[in-house]
Amino acid sequence: MSENIIGIEHVSFKYKGSEMGLLNDISLNIASGETLLLTGASGSGKTTIIRLINGLIPHYYQGDLAGNVTVAGRDVAKTELYELAGVVGTVFQNPRSQFFSIDTDGEIVFGPENIGLDPKAILERKKSIVDQMHIEKLLGRSLFELSGGEKQSIACASVSALLPEIILLDEPSSNLDQGAIAKLRDQIALWKSQGKTIVISEHRLWYLKELVDRVIYMDSGNIAHEWSGSGFASFDSEKINELKLRPLVVPDILSPSCNGDCECDGDCDKVTDLPENEEGIVLKDFYFSYHLNPYLFWKKSFKEDDPNLSLCIPRLVLPKGAVIGVIGKNGTGKSTFLKCVCGLEKECKGVIKAYGKEYKGKQRLKLSYMVMQDVNHQLFTDSVESEVLLSMNEEDKERCDEILDSLGILEFKDKHPMALSGGQKQRVAIASAIAADAKLMLFDEPTSGLDFSHMEKVGELLKRLADSGNTVLVATHDPELIEMCCDYVLCIEHGKLGYLKKV
């Protein structure tokens with residue numbers, strides 16, 4: 001039996017400014033070389049445990065802390081963060097939040113440089129990590145041009161470069177497509193084979209069920225259940241539903257290629273065409289490029305065969321009053337498509353014909369509302385209630401309360417949006433979209449980081465929006481969400497349409 005490398009003894013913690021404790025007298029020992037999964041509802045304390053282990057509590061996040069936390073024989077409360085850096089590595093939910101460089105090579109070697117390794121040792125360590133992870137193709141690139149999965153790979157590489165004994169992952173798959181998740185699973189398997197101690201906080205379970213040694217189920221700041229990895233993997237769907245967890249097996253409906261079941265006769269360059277009538281929303285001439293050369297006297301007109309195009313959609317008819325799942329790999333153009341449709345990309349001159357009107361340029365903003373993937377970019381006010389009221393044409397506090405209650409966040413209406421968890425912020429942004437009463441609603445990964453219960457609520461909400469006559473476009477990597485609420489699936493491949501089919 002391996003000795004314990006992490007010890008959490010009778011720990012209670014309450015964040016500064018919070019009225020309620022988030023952790024309630026919990027004790028947890030983690031053995032050296034163990035792979036541990038933390039799961040449970042959003043806000044149950046999973047991320048707080050991660051922060052206790054890496055020292056962000058109490059050295060960064062302030063609050064009332066009782067009990068003891070030891071990591072590799074060190075008392076975390078008495079150990080500076082820089083001393084823990086070589087022992088504990090953390091991969092965060094959003095890898096951009098942990099980048100310090102602007103290029104991939106600089107990011108991988110940043111840690112070793114900061115602990116004072118000599119240049120030769122740094123280069124040797126970099127080569128070893130790159131070879132182990134097979135990420136040669138990512139070298140020499142700007143971090144800003146990487147897809148979500150590629151950013152996650154660089155984050156894992158930068159953590160690995162410090163050779164930590166313990167690796168923590170906080171919702172690492174939340175923004176990844178299934179291909180990128182498979183690579184993440186391979187990386188975790190590699191760390192496991194190297195004897196690393198791994199702690200993962202996660203809602204998506206299907207890719208981890210064969211990797212973890214033990215599962216801890218958190219509920220309201222308490223350890224409610226504990227199972228062996230094999231015991232947890234054997235649970236049937238009824239047991240998983242009872243625990244309100246995401247499924248251990250997901251449907252294969254996110255493949256970015258034809259599965260032979262759509263209406264394209266095996267030719268997925270052809271998009272299923274809906275009749276152009278009052279029930280459809282017609283999109284025409286949606287061309288956009290991130291690689292435009294500066295122009296002096298006139299704006300560039302696009303051609304369909306232009307290799308610089310990031311988005312190329314000559315024509316598409318969307319079914320009115322439906323929930324349409326927009327799928328495809330990371331970096332294939334889903335978010336670009338949504339931003340162009342709603343008018344956020346000013347250089348896109350596409351036209352939308354809907355409800356007897358024609359919408360061009362800024363006019364598209366009046367027709368649509370978009371909830372971004374990183375909702376921090378669209379939260380502006382000092383309370384949840386004010387945020388929702390800001391989106392209304394006329395303030396209606398009673399309707400605001402109804403919307404917040406339907407999303408399970410009414411209790412936070414007086415809280416500052418930035419003080420909420422990631423999943424709670426996401427629901428605030430969705431509440432603002434509903435309050436705006438736009439006919440065309442666009443959601444970019446609305447269930448990223450959400451637990452199953454709240455994903456269900458979002459799915460039900462999207463269906464209600466469609467039933468009310470709204471057309472809903474939702475870019476997602478969650479097959480559970482598509483199965484739950486989508487009427488159609490729209491696949492985008494390399495900025496072009498793959499297929500549109502009924503679910």
# chains A, B, ... in the order shown; residues from 1 in each chain; ligands from 1

call {"tool": "residues_around", "arguments": {"residues": "A:Glu145", "least_positions_apart": "5", "cutoff": "10 Å", "atoms": "only C-alpha atoms", "output": "VMD selection string"}}
result
chain A and resid 103 150 to 151 331

call {"tool": "write_last_selection", "arguments": {"atoms": "all heavy atoms", "output": "PDB file, in the first residue's frame"}}
result
ATOM      1  N   ASP A 103       3.909  32.369 -27.136  1.00  0.00           N
ATOM      2  CA  ASP A 103       4.180  31.302 -28.090  1.00  0.00           C
ATOM      3  C   ASP A 103       4.306  29.973 -27.358  1.00  0.00           C
ATOM      4  O   ASP A 103       4.546  29.925 -26.146  1.00  0.00           O
ATOM      5  CB  ASP A 103       5.464  31.589 -28.882  1.00  0.00           C
ATOM      6  CG  ASP A 103       6.693  31.637 -27.985  1.00  0.00           C
ATOM      7  OD1 ASP A 103       6.960  32.700 -27.392  1.00  0.00           O
ATOM      8  OD2 ASP A 103       7.362  30.602 -27.855  1.00  0.00           O
ATOM      9  N   GLU A 150      -5.673  22.161 -28.590  1.00  0.00           N
ATOM     10  CA  GLU A 150      -4.231  22.430 -28.686  1.00  0.00           C
ATOM     11  C   GLU A 150      -3.752  23.255 -27.500  1.00  0.00           C
ATOM     12  O   GLU A 150      -2.660  23.015 -26.962  1.00  0.00           O
ATOM     13  CB  GLU A 150      -3.946  23.142 -30.009  1.00  0.00           C
ATOM     14  CG  GLU A 150      -4.116  22.234 -31.230  1.00  0.00           C
ATOM     15  CD  GLU A 150      -4.095  22.978 -32.542  1.00  0.00           C
ATOM     16  OE1 GLU A 150      -4.349  24.215 -32.556  1.00  0.00           O
ATOM     17  OE2 GLU A 150      -3.837  22.339 -33.580  1.00  0.00           O
ATOM     18  N   LYS A 151      -4.554  24.231 -27.070  1.00  0.00           N
ATOM     19  CA  LYS A 151      -4.197  25.004 -25.864  1.00  0.00           C
ATOM     20  C   LYS A 151      -4.094  24.073 -24.650  1.00  0.00           C
ATOM     21  O   LYS A 151      -3.185  24.215 -23.827  1.00  0.00           O
ATOM     22  CB  LYS A 151      -5.246  26.092 -25.592  1.00  0.00           C
ATOM     23  CG  LYS A 151      -5.232  27.267 -26.554  1.00  0.00           C
ATOM     24  CD  LYS A 151      -6.189  28.347 -26.055  1.00  0.00           C
ATOM     25  CE  LYS A 151      -6.173  29.580 -26.948  1.00  0.00           C
ATOM     26  NZ  LYS A 151      -7.025  29.442 -28.116  1.00  0.00           N
ATOM     27  N   GLY A 331     -11.847  24.583 -33.256  1.00  0.00           N
ATOM     28  CA  GLY A 331     -11.134  25.367 -34.262  1.00  0.00           C
ATOM     29  C   GLY A 331     -11.653  25.216 -35.669  1.00  0.00           C
ATOM     30  O   GLY A 331     -11.028  25.708 -36.607  1.00  0.00           O
TER      31      GLY A 331
END

call {"tool": "residues_around", "arguments": {"residues": "stretch 473-488 of chain A", "least_positions_apart": "3", "cutoff": "6 Å", "atoms": "only C-alpha atoms", "output": "list in words"}}
result
Asp177, Val323, Ile324, Gly325, Val326, Ile327, Leu442, Phe443, Asp444, Glu445, Gly459, Lys463, Lys501, Lys502 and Val503 of chain A

call {"tool": "select_by_dssp", "arguments": {"residues": "stretch 47-80 of chain A", "states": "strand (DSSP E or B)", "output": "ChimeraX atom specification"}}
result
/A:63-71,74-75

call {"tool": "select_by_dssp", "arguments": {"residues": "stretch 339-490 of chain A", "states": "helix (DSSP H, G or I)", "output": "count of residues only"}}
result
74

call {"tool": "closest_residue", "arguments": {"among": "A:Ile53, A:Cys156, A:Ala189, A:Leu245", "to": "A:Leu450", "atoms": "only C-alpha atoms"}}
result
A:Leu245

call {"tool": "atom_distance", "arguments": {"atom1": "atom CA of A:Thr104", "atom2": "atom CA of A:Gly140"}}
result
6.1 Å

call {"tool": "closest_residue", "arguments": {"among": "A:Ser220, A:Thr336, A:Asn241, A:Thr381", "to": "A:Phe288", "atoms": "only C-alpha atoms"}}
result
A:Thr336

call {"tool": "residues_around", "arguments": {"residues": "A:Ile122", "least_positions_apart": "4", "cutoff": "10 Å", "atoms": "only C-alpha atoms", "output": "ChimeraX atom specification"}}
result
/A:108-113,116-118,126-128,161-162

call {"tool": "write_last_selection", "arguments": {"atoms": "C-alpha atoms", "output": "PDB file, in the first residue's frame"}}
result
ATOM      1  CA  ILE A 108       6.538  24.937 -22.237  1.00  0.00           C
ATOM      2  CA  VAL A 109       9.856  26.164 -20.825  1.00  0.00           C
ATOM      3  CA  PHE A 110       8.424  28.950 -18.648  1.00  0.00           C
ATOM      4  CA  GLY A 111       8.296  26.838 -15.476  1.00  0.00           C
ATOM      5  CA  PRO A 112      11.804  25.356 -15.721  1.00  0.00           C
ATOM      6  CA  GLU A 113      13.219  28.823 -16.452  1.00  0.00           C
ATOM      7  CA  GLY A 116      16.459  28.410 -12.318  1.00  0.00           C
ATOM      8  CA  LEU A 117      17.439  25.376 -14.410  1.00  0.00           C
ATOM      9  CA  ASP A 118      20.410  25.912 -16.684  1.00  0.00           C
ATOM     10  CA  LYS A 126      11.466  20.435 -23.315  1.00  0.00           C
ATOM     11  CA  LYS A 127      12.529  17.816 -25.894  1.00  0.00           C
ATOM     12  CA  SER A 128      11.612  14.983 -23.531  1.00  0.00           C
ATOM     13  CA  ALA A 161       7.928  20.290 -17.744  1.00  0.00           C
ATOM     14  CA  LEU A 162       8.216  20.954 -14.004  1.00  0.00           C
TER      15      LEU A 162
END

call {"tool": "closest_residue", "arguments": {"among": "A:Leu367, A:Leu211, A:Ile313, A:Ile281", "to": "A:Ile492", "atoms": "only C-alpha atoms"}}
result
A:Ile313

call {"tool": "residues_around", "arguments": {"residues": "stretch 430-440 of chain A", "least_positions_apart": "6", "cutoff": "6 Å", "atoms": "only C-alpha atoms", "output": "PyMOL selection string"}}
result
chain A and resi 367-369+388+391-392+470-471

call {"tool": "residues_around", "arguments": {"residues": "A:Thr90", "least_positions_apart": "6", "cutoff": "6 Å", "atoms": "only C-alpha atoms", "output": "JSON, numbers by chain"}}
result
{"A": [167, 168, 169]}

call {"tool": "write_last_selection", "arguments": {"atoms": "all heavy atoms", "output": "PDB file, in the first residue's frame"}}
result
ATOM      1  N   ILE A 167      -0.414  16.033  -9.990  1.00  0.00           N
ATOM      2  CA  ILE A 167      -1.028  16.810 -11.065  1.00  0.00           C
ATOM      3  C   ILE A 167      -2.521  16.926 -10.783  1.00  0.00           C
ATOM      4  O   ILE A 167      -3.214  15.931 -10.566  1.00  0.00           O
ATOM      5  CB  ILE A 167      -0.783  16.175 -12.440  1.00  0.00           C
ATOM      6  CG1 ILE A 167       0.721  16.181 -12.748  1.00  0.00           C
ATOM      7  CG2 ILE A 167      -1.555  16.916 -13.534  1.00  0.00           C
ATOM      8  CD1 ILE A 167       1.097  15.517 -14.048  1.00  0.00           C
ATOM      9  N   LEU A 168      -3.005  18.167 -10.786  1.00  0.00           N
ATOM     10  CA  LEU A 168      -4.404  18.465 -10.535  1.00  0.00           C
ATOM     11  C   LEU A 168      -5.046  18.967 -11.831  1.00  0.00           C
ATOM     12  O   LEU A 168      -4.453  19.770 -12.548  1.00  0.00           O
ATOM     13  CB  LEU A 168      -4.544  19.542  -9.450  1.00  0.00           C
ATOM     14  CG  LEU A 168      -3.712  19.358  -8.177  1.00  0.00           C
ATOM     15  CD1 LEU A 168      -3.878  20.569  -7.263  1.00  0.00           C
ATOM     16  CD2 LEU A 168      -4.119  18.084  -7.444  1.00  0.00           C
ATOM     17  N   LEU A 169      -6.250  18.509 -12.116  1.00  0.00           N
ATOM     18  CA  LEU A 169      -6.976  18.955 -13.304  1.00  0.00           C
ATOM     19  C   LEU A 169      -8.378  19.385 -12.891  1.00  0.00           C
ATOM     20  O   LEU A 169      -9.116  18.601 -12.296  1.00  0.00           O
ATOM     21  CB  LEU A 169      -7.051  17.856 -14.360  1.00  0.00           C
ATOM     22  CG  LEU A 169      -5.716  17.323 -14.879  1.00  0.00           C
ATOM     23  CD1 LEU A 169      -5.386  15.978 -14.222  1.00  0.00           C
ATOM     24  CD2 LEU A 169      -5.731  17.157 -16.391  1.00  0.00           C
TER      25      LEU A 169
END

call {"tool": "atom_distance", "arguments": {"atom1": "atom CA of A:Glu394", "atom2": "atom CA of A:Lys366"}}
result
15.3 Å

call {"tool": "residues_around", "arguments": {"residues": "A:Pro314", "least_positions_apart": "4", "cutoff": "9 Å", "atoms": "only C-alpha atoms", "output": "list in words"}}
result
Leu283, Lys284, Asp285, Phe286, Tyr287, Glu304 and Gly350 of chain A

call {"tool": "atom_distance", "arguments": {"atom1": "atom CA of A:Phe235", "atom2": "atom CA of A:Gly221"}}
result
23.5 Å

call {"tool": "closest_residue", "arguments": {"among": "A:Ile129, A:Leu176, A:Ile181, A:Cys342", "to": "A:Ile154", "atoms": "only C-alpha atoms"}}
result
A:Ile129

call {"tool": "residues_around", "arguments": {"residues": "A:Leu143", "least_positions_apart": "4", "cutoff": "12 Å", "atoms": "only C-alpha atoms", "output": "mmCIF file with N, CA, C and O atoms, in the first residue's frame"}}
result
data_model
loop_
_atom_site.group_PDB
_atom_site.id
_atom_site.type_symbol
_atom_site.label_atom_id
_atom_site.label_comp_id
_atom_site.auth_asym_id
_atom_site.auth_seq_id
_atom_site.Cartn_x
_atom_site.Cartn_y
_atom_site.Cartn_z
ATOM 1 N N PRO A 95 -7.381 26.879 -20.147
ATOM 2 C CA PRO A 95 -5.917 26.925 -20.165
ATOM 3 C C PRO A 95 -5.350 28.315 -20.409
ATOM 4 O O PRO A 95 -4.233 28.617 -19.988
ATOM 5 N N ARG A 96 -6.136 29.189 -21.058
ATOM 6 C CA ARG A 96 -5.640 30.549 -21.303
ATOM 7 C C ARG A 96 -5.339 31.279 -20.004
ATOM 8 O O ARG A 96 -4.493 32.180 -19.969
ATOM 9 N N SER A 97 -6.047 30.907 -18.934
ATOM 10 C CA SER A 97 -5.867 31.600 -17.660
ATOM 11 C C SER A 97 -4.520 31.294 -17.015
ATOM 12 O O SER A 97 -4.127 31.970 -16.064
ATOM 13 N N GLN A 98 -3.798 30.281 -17.518
ATOM 14 C CA GLN A 98 -2.518 29.934 -16.900
ATOM 15 C C GLN A 98 -1.337 30.174 -17.817
ATOM 16 O O GLN A 98 -0.208 29.840 -17.471
ATOM 17 N N PHE A 99 -1.585 30.773 -18.994
ATOM 18 C CA PHE A 99 -0.489 31.052 -19.920
ATOM 19 C C PHE A 99 0.237 32.339 -19.525
ATOM 20 O O PHE A 99 -0.379 33.332 -19.160
ATOM 21 N N PHE A 100 1.570 32.297 -19.651
ATOM 22 C CA PHE A 100 2.388 33.469 -19.360
ATOM 23 C C PHE A 100 3.124 33.967 -20.608
ATOM 24 O O PHE A 100 3.590 35.095 -20.639
ATOM 25 N N SER A 101 3.244 33.133 -21.615
ATOM 26 C CA SER A 101 3.963 33.491 -22.827
ATOM 27 C C SER A 101 2.981 33.755 -23.958
ATOM 28 O O SER A 101 1.760 33.632 -23.788
ATOM 29 N N ILE A 102 3.514 34.085 -25.130
ATOM 30 C CA ILE A 102 2.662 34.295 -26.295
ATOM 31 C C ILE A 102 2.896 33.219 -27.346
ATOM 32 O O ILE A 102 2.172 33.156 -28.329
ATOM 33 N N ASP A 103 3.909 32.369 -27.136
ATOM 34 C CA ASP A 103 4.180 31.302 -28.090
ATOM 35 C C ASP A 103 4.306 29.973 -27.358
ATOM 36 O O ASP A 103 4.546 29.925 -26.146
ATOM 37 N N THR A 104 4.144 28.886 -28.090
ATOM 38 C CA THR A 104 4.096 27.553 -27.479
ATOM 39 C C THR A 104 5.426 27.157 -26.843
ATOM 40 O O THR A 104 5.449 26.620 -25.733
ATOM 41 N N ASP A 105 6.529 27.411 -27.535
ATOM 42 C CA ASP A 105 7.841 27.035 -26.995
ATOM 43 C C ASP A 105 8.123 27.741 -25.671
ATOM 44 O O ASP A 105 8.586 27.137 -24.698
ATOM 45 N N GLY A 106 7.831 29.049 -25.639
ATOM 46 C CA GLY A 106 8.077 29.823 -24.424
ATOM 47 C C GLY A 106 7.224 29.359 -23.262
ATOM 48 O O GLY A 106 7.671 29.363 -22.111
ATOM 49 N N GLU A 107 5.996 28.911 -23.563
ATOM 50 C CA GLU A 107 5.099 28.461 -22.503
ATOM 51 C C GLU A 107 5.585 27.150 -21.898
ATOM 52 O O GLU A 107 5.525 26.945 -20.678
ATOM 53 N N ILE A 108 6.079 26.236 -22.730
ATOM 54 C CA ILE A 108 6.538 24.937 -22.237
ATOM 55 C C ILE A 108 7.734 25.088 -21.305
ATOM 56 O O ILE A 108 7.845 24.389 -20.295
ATOM 57 N N LEU A 138 2.961 21.425 -32.719
ATOM 58 C CA LEU A 138 2.512 22.624 -32.012
ATOM 59 C C LEU A 138 3.651 23.589 -31.699
ATOM 60 O O LEU A 138 3.401 24.717 -31.256
ATOM 61 N N LEU A 139 4.892 23.174 -31.935
ATOM 62 C CA LEU A 139 6.029 24.044 -31.619
ATOM 63 C C LEU A 139 6.100 25.217 -32.594
ATOM 64 O O LEU A 139 5.694 25.117 -33.750
ATOM 65 N N SER A 147 -6.338 25.934 -31.296
ATOM 66 C CA SER A 147 -7.692 25.514 -30.932
ATOM 67 C C SER A 147 -7.736 25.214 -29.438
ATOM 68 O O SER A 147 -6.701 25.171 -28.757
ATOM 69 N N GLY A 148 -8.947 24.970 -28.923
ATOM 70 C CA GLY A 148 -9.088 24.670 -27.502
ATOM 71 C C GLY A 148 -8.314 23.438 -27.082
ATOM 72 O O GLY A 148 -7.651 23.418 -26.042
ATOM 73 N N GLY A 149 -8.371 22.377 -27.905
ATOM 74 C CA GLY A 149 -7.643 21.154 -27.591
ATOM 75 C C GLY A 149 -6.139 21.355 -27.633
ATOM 76 O O GLY A 149 -5.401 20.792 -26.809
ATOM 77 N N GLU A 150 -5.673 22.161 -28.590
ATOM 78 C CA GLU A 150 -4.231 22.430 -28.686
ATOM 79 C C GLU A 150 -3.752 23.255 -27.500
ATOM 80 O O GLU A 150 -2.660 23.015 -26.962
ATOM 81 N N LYS A 151 -4.554 24.231 -27.070
ATOM 82 C CA LYS A 151 -4.197 25.004 -25.864
ATOM 83 C C LYS A 151 -4.094 24.073 -24.650
ATOM 84 O O LYS A 151 -3.185 24.215 -23.827
ATOM 85 N N GLN A 152 -5.038 23.132 -24.550
ATOM 86 C CA GLN A 152 -5.015 22.208 -23.434
ATOM 87 C C GLN A 152 -3.749 21.346 -23.457
ATOM 88 O O GLN A 152 -3.150 21.064 -22.412
ATOM 89 N N SER A 153 -3.312 20.944 -24.648
ATOM 90 C CA SER A 153 -2.083 20.146 -24.783
ATOM 91 C C SER A 153 -0.867 20.935 -24.317
ATOM 92 O O SER A 153 0.018 20.396 -23.638
ATOM 93 N N ILE A 154 -0.818 22.228 -24.679
ATOM 94 C CA ILE A 154 0.309 23.063 -24.248
ATOM 95 C C ILE A 154 0.268 23.281 -22.742
ATOM 96 O O ILE A 154 1.314 23.275 -22.069
ATOM 97 N N ALA A 155 -0.926 23.447 -22.178
ATOM 98 C CA ALA A 155 -1.049 23.590 -20.718
ATOM 99 C C ALA A 155 -0.526 22.336 -20.020
ATOM 100 O O ALA A 155 0.200 22.417 -19.017
#

call {"tool": "closest_residue", "arguments": {"among": "A:Ser406, A:Ser230, A:Asn29, A:Ser174", "to": "A:Val71", "atoms": "only C-alpha atoms"}}
result
A:Asn29
